[in-house]
Amino acid sequence: MNFTIEDISPTRKAVVLTVPAAEIADQEKALVREFAGEVRLPGFRPGKAPADLIKKQYGKAVAEELKNKIIAAGYKHISAEAKLNIYTIVDLKGADDLSAGKDAELRYELDVVPEFELPEYKGLEVAEEPVVVSDEDVENTLKTVRSQRAKFEVVDRAAEKGDYVKLGYEGKIGDEFVKDLAPNAYLFGSQPTTWEEAAGEDAPGVPAIVNGIVGKKAGDKFDATHEFPADYEVETLRGKTAAYAVEVFEVRAKILPEMDEEFFKSVNAKDLDDLKAQIRTGIEKRKENEAKNKKRQALIETLNGKVEFELPESAVDREAYNIFLEFANMQIRQGVDVKTIEAQRDELLKNSKDAAKTRVKTQMLLAKIAEKEGVKVEQNDLNERILQEAYIARTPVDKFAKELSKDRDRLMEMQRAIMFNKALDFVVENSKPKNA
């Protein structure tokens with residue numbers, strides 16, 4: 001097979017491959033023999049049916065299998081002879097014209113992994129923040145633990161800060177409903193029935209409503225307004241003022257549990273000192289993980305900033321789609337309608353491109369580091385990852401592993417993720433504290 005290579009961009013090549021008629025004919029004859037040995041035709045013993053009869057009866061199947069074999073053989077030849085680090089096949093032309101008796105010309109459009117020099121990745125400086133757990137941290141978490149076990153009792157009085165209020169509201173901008181202008185911004189549209197913490201600092205709802213329910217009791221109605229910033233994420237709401245009609249249905253007071261023997265038993269603690277010690281240990285672990293992740297992210301940013309190279313377009317598109325799926329799944333879990341997400345699909349994919357470029361660049365840097373340092377994915381690495389994934393998916397490990405063994409693409413993706421993490425671990429282990 002002969003081929004020529006055309007540069008479309010630094011990361012995209014067109015390879016035109018000529019497949020001789022004789023090779024196509026040989027492949028076809030071999031396929032017909034295979035079919036003859038497998039199929040049963042009346043009047044003929046297995047493998048003895050004439051080639052012409054086989055082609056007449058199974059012509060479409062033979063042609064399809066011939067096309068697949070020639071495509072695969074062509075790709076294998078290019079991979080071995082063209083000395084290209086192929087990322088993926090973007091497009092293929094000419095495969096539908098394959099037939100015995102004439103040369104075929106296949107045009108493979110390929111994205112290739114870019115050539116670049118690795119920057120220095122050992123001894124990178126990174127800031128390390130000490131992990132400190134204050135008494136205030138412990139007390140705030142203790143309040144949260146009590147709050148999670150609180151009871152809510154209906155009260156016949158006006159709402160006070162910290163009470164939970166059942167209410168409904170509908171927002172309009174001029175004569176148009178906010179829910180129609182911005183279906184995805186559902187918290188700022190309308191809620192026939194919802195709960196809000198009165199004057200709650202981290203309440204996700206409309207701030208004017210969250211603060212406005214203080215002093216209101218069941219049966220009260222009031223108006224509230226909210227002004228959207230000029231740079232608000234939803235274009236149709238930027239710089240506009242929404243008016244809300246609010247009705248209060250019920251007020252409930254939050255009653256915290258007493259810290260008595262029953263309470264300590266419910267949180268698996270002996271007493272207050274034991275509970276505080278457990279809380280402190282938990283906060284330390286959380287802060288250590290946060291510091292570790294922050295350090296890893298800082299090193300990724302440093303590494304990315306040391307080199308520039310072109311990225312395969314198909315890799316960026318694929319990663320942008322993965323980011324879109326992550327966002328879409330999160331939105332669905334929060335109650336956003338699938339149709340609403342789908343309507344914004346193009347815009348969301350476009351907005352995911354920058355993050356996708358960073359991810360792809362990082363992966364290619366880490367892949368090259370892994371290759372240079374001989375980082376390997378061992379079976380125990382894979383077993384550990386399978387245990388983690390099975391736990392997250394709430395699936396028995398044996399069942400998860402069996403399903404994974406049937407999904408080659410997913411298995412390879414998991415192996416790549418492990419390799420990237422191990423390569424990043426190497427960079428972290430070989431870094432040094434800034435200003436040390």
# chains A, B, ... in the order shown; residues from 1 in each chain; ligands from 1
$ closest_atom_pairs --of "region 224-333 of chain A" --to "region 146-149 of chain A" --cutoff "10 Å" --atoms "only C-alpha atoms" --output "Markdown table"
| residue | atom | partner | partner_atom | distance |
| --- | --- | --- | --- | --- |
| A:Lys254 | CA | A:Ser147 | CA | 8.2 |
| A:Ile255 | CA | A:Ser147 | CA | 8.4 |
| A:Leu256 | CA | A:Arg146 | CA | 6.0 |
| A:Pro257 | CA | A:Arg146 | CA | 6.3 |
| A:Glu258 | CA | A:Arg146 | CA | 8.5 |
| A:Met259 | CA | A:Arg146 | CA | 8.3 |
| A:Phe263 | CA | A:Arg146 | CA | 8.8 |
| A:Ser266 | CA | A:Arg149 | CA | 9.3 |
| A:Val267 | CA | A:Arg146 | CA | 9.8 |
$ write_last_selection --atoms "N, CA, C and O atoms" --output "mmCIF file, in the first residue's frame"
data_model
loop_
_atom_site.group_PDB
_atom_site.id
_atom_site.type_symbol
_atom_site.label_atom_id
_atom_site.label_comp_id
_atom_site.auth_asym_id
_atom_site.auth_seq_id
_atom_site.Cartn_x
_atom_site.Cartn_y
_atom_site.Cartn_z
ATOM 1 N N LYS A 254 -37.026 26.127 64.451
ATOM 2 C CA LYS A 254 -35.999 25.080 64.467
ATOM 3 C C LYS A 254 -35.596 24.809 65.909
ATOM 4 O O LYS A 254 -35.039 25.679 66.586
ATOM 5 N N ILE A 255 -35.883 23.602 66.407
ATOM 6 C CA ILE A 255 -35.582 23.237 67.795
ATOM 7 C C ILE A 255 -34.374 22.313 67.814
ATOM 8 O O ILE A 255 -34.430 21.170 67.342
ATOM 9 N N LEU A 256 -33.252 22.827 68.329
ATOM 10 C CA LEU A 256 -32.029 22.028 68.383
ATOM 11 C C LEU A 256 -32.115 20.991 69.500
ATOM 12 O O LEU A 256 -32.699 21.254 70.559
ATOM 13 N N PRO A 257 -31.529 19.801 69.299
ATOM 14 C CA PRO A 257 -31.569 18.774 70.350
ATOM 15 C C PRO A 257 -30.666 19.142 71.529
ATOM 16 O O PRO A 257 -29.648 19.809 71.354
ATOM 17 N N GLU A 258 -31.063 18.711 72.696
ATOM 18 C CA GLU A 258 -30.214 18.877 73.869
ATOM 19 C C GLU A 258 -29.006 17.955 73.737
ATOM 20 O O GLU A 258 -29.104 16.842 73.215
ATOM 21 N N MET A 259 -27.854 18.414 74.202
ATOM 22 C CA MET A 259 -26.652 17.567 74.142
ATOM 23 C C MET A 259 -26.611 16.682 75.381
ATOM 24 O O MET A 259 -25.835 16.895 76.318
ATOM 25 N N PHE A 263 -28.467 12.148 72.718
ATOM 26 C CA PHE A 263 -27.871 12.837 71.562
ATOM 27 C C PHE A 263 -26.491 12.248 71.248
ATOM 28 O O PHE A 263 -26.189 11.941 70.098
ATOM 29 N N SER A 266 -26.641 9.001 69.544
ATOM 30 C CA SER A 266 -27.077 9.093 68.137
ATOM 31 C C SER A 266 -25.930 9.459 67.197
ATOM 32 O O SER A 266 -26.002 9.196 65.994
ATOM 33 N N VAL A 267 -24.861 10.079 67.740
ATOM 34 C CA VAL A 267 -23.716 10.468 66.899
ATOM 35 C C VAL A 267 -22.489 9.604 67.200
ATOM 36 O O VAL A 267 -21.378 9.946 66.806
#
$ closest_atom_pairs --of "region 57-140 of chain A" --to "region 2-24 of chain A" --cutoff "12 Å" --atoms "only C-alpha atoms" --output "CSV"
residue,atom,partner,partner_atom,distance
A:Ala63,CA,A:Ile24,CA,10.8
A:Glu65,CA,A:Ile24,CA,11.8
A:Leu66,CA,A:Ile24,CA,8.0
A:Lys67,CA,A:Ile24,CA,9.3
A:Asn68,CA,A:Ile24,CA,11.6
A:Lys69,CA,A:Ile24,CA,9.5
A:Ile70,CA,A:Ile24,CA,7.4
A:Ile71,CA,A:Val19,CA,9.8
A:Ala72,CA,A:Val19,CA,12.0
A:Ala73,CA,A:Val19,CA,9.7
A:Gly74,CA,A:Leu17,CA,7.2
A:Tyr75,CA,A:Leu17,CA,9.2
A:Lys76,CA,A:Leu17,CA,11.5
A:His77,CA,A:Leu17,CA,9.3
A:Ile78,CA,A:Phe3,CA,8.0
A:Ser79,CA,A:Val15,CA,10.8
A:Glu81,CA,A:Phe3,CA,9.4
A:Ala82,CA,A:Ile5,CA,8.2
A:Lys83,CA,A:Ile5,CA,10.8
A:Leu84,CA,A:Lys13,CA,9.1
A:Asn85,CA,A:Thr11,CA,9.9
A:Ile86,CA,A:Arg12,CA,9.3
A:Tyr87,CA,A:Thr11,CA,9.2
A:Thr88,CA,A:Arg12,CA,9.8
A:Ile89,CA,A:Arg12,CA,9.7
A:Val90,CA,A:Arg12,CA,8.8
A:Asp91,CA,A:Ala14,CA,9.2
A:Leu92,CA,A:Ala14,CA,9.4
A:Lys93,CA,A:Val16,CA,9.3
A:Gly94,CA,A:Val16,CA,9.7
A:Ala95,CA,A:Val19,CA,10.7
A:Asp97,CA,A:Ile24,CA,11.7
A:Leu98,CA,A:Ile24,CA,8.0
A:Ser99,CA,A:Ile24,CA,7.2
A:Ala100,CA,A:Ile24,CA,5.7
A:Gly101,CA,A:Ala21,CA,5.4
A:Lys102,CA,A:Ala21,CA,4.5
A:Asp103,CA,A:Ala21,CA,4.2
A:Ala104,CA,A:Val19,CA,5.0
A:Glu105,CA,A:Thr18,CA,4.6
A:Leu106,CA,A:Leu17,CA,5.1
A:Arg107,CA,A:Val16,CA,4.4
A:Tyr108,CA,A:Val15,CA,5.1
A:Glu109,CA,A:Ala14,CA,4.4
A:Leu110,CA,A:Lys13,CA,5.2
A:Asp111,CA,A:Arg12,CA,4.4
A:Val112,CA,A:Thr11,CA,5.1
A:Val113,CA,A:Thr11,CA,6.5
A:Pro114,CA,A:Thr11,CA,5.8
A:Glu115,CA,A:Thr11,CA,8.9
A:Phe116,CA,A:Pro10,CA,11.2
$ residues_around --residues "Phe228 (chain A)" --least-positions-apart "4" --cutoff "6 Å" --atoms "only C-alpha atoms" --output "PyMOL selection string"
chain A and resi 238-240
$ atom_distance --atom1 "CA of Glu38 (chain A)" --atom2 "CA of Ser405 (chain A)"
28.0 Å
$ closest_residue --among "A:Phe327, A:Ile173, A:Gln278, A:Ile418" --to "Asp381 (chain A)" --atoms "only C-alpha atoms"
A:Ile418
$ select_by_dssp --residues "region 87-328 of chain A" --states "strand (DSSP E)" --output "PyMOL selection string"
chain A and resi 87-93+104-112+125-126+151-154+164-173+176-177+190-197+221-227+241-255
$ residues_around --residues "Asn184 (chain A)" --least-positions-apart "3" --cutoff "9 Å" --atoms "only C-alpha atoms" --output "list in words"
Lys179, Leu187, Gly189, Val234, Val336, Asp337, Thr340, Ile341 and Gln344 of chain A
$ closest_atom_pairs --of "region 308-371 of chain A" --to "region 413-416 of chain A" --cutoff "12 Å" --atoms "only C-alpha atoms" --output "JSON lines"
{"residue": "A:Gln363", "atom": "CA", "partner": "A:Arg416", "partner_atom": "CA", "distance": 8.9}
{"residue": "A:Met364", "atom": "CA", "partner": "A:Arg416", "partner_atom": "CA", "distance": 10.8}
{"residue": "A:Leu366", "atom": "CA", "partner": "A:Arg416", "partner_atom": "CA", "distance": 10.1}
{"residue": "A:Ala367", "atom": "CA", "partner": "A:Arg416", "partner_atom": "CA", "distance": 8.4}
{"residue": "A:Ala370", "atom": "CA", "partner": "A:Arg416", "partner_atom": "CA", "distance": 10.4}
$ residues_around --residues "Lys166 (chain A)" --least-positions-apart "4" --cutoff "9 Å" --atoms "only C-alpha atoms" --output "list in words"
Thr193, Thr194, Trp195, Glu196, Ala218, Glu247, Val248, Phe249, Glu250, Val251 and Arg252 of chain A
$ atom_distance --atom1 "CA of Lys217 (chain A)" --atom2 "CA of Tyr186 (chain A)"
24.8 Å
$ closest_residue --among "A:Val138, A:Leu311, A:Val132, A:Ala198" --to "Val360 (chain A)" --atoms "only C-alpha atoms"
A:Leu311
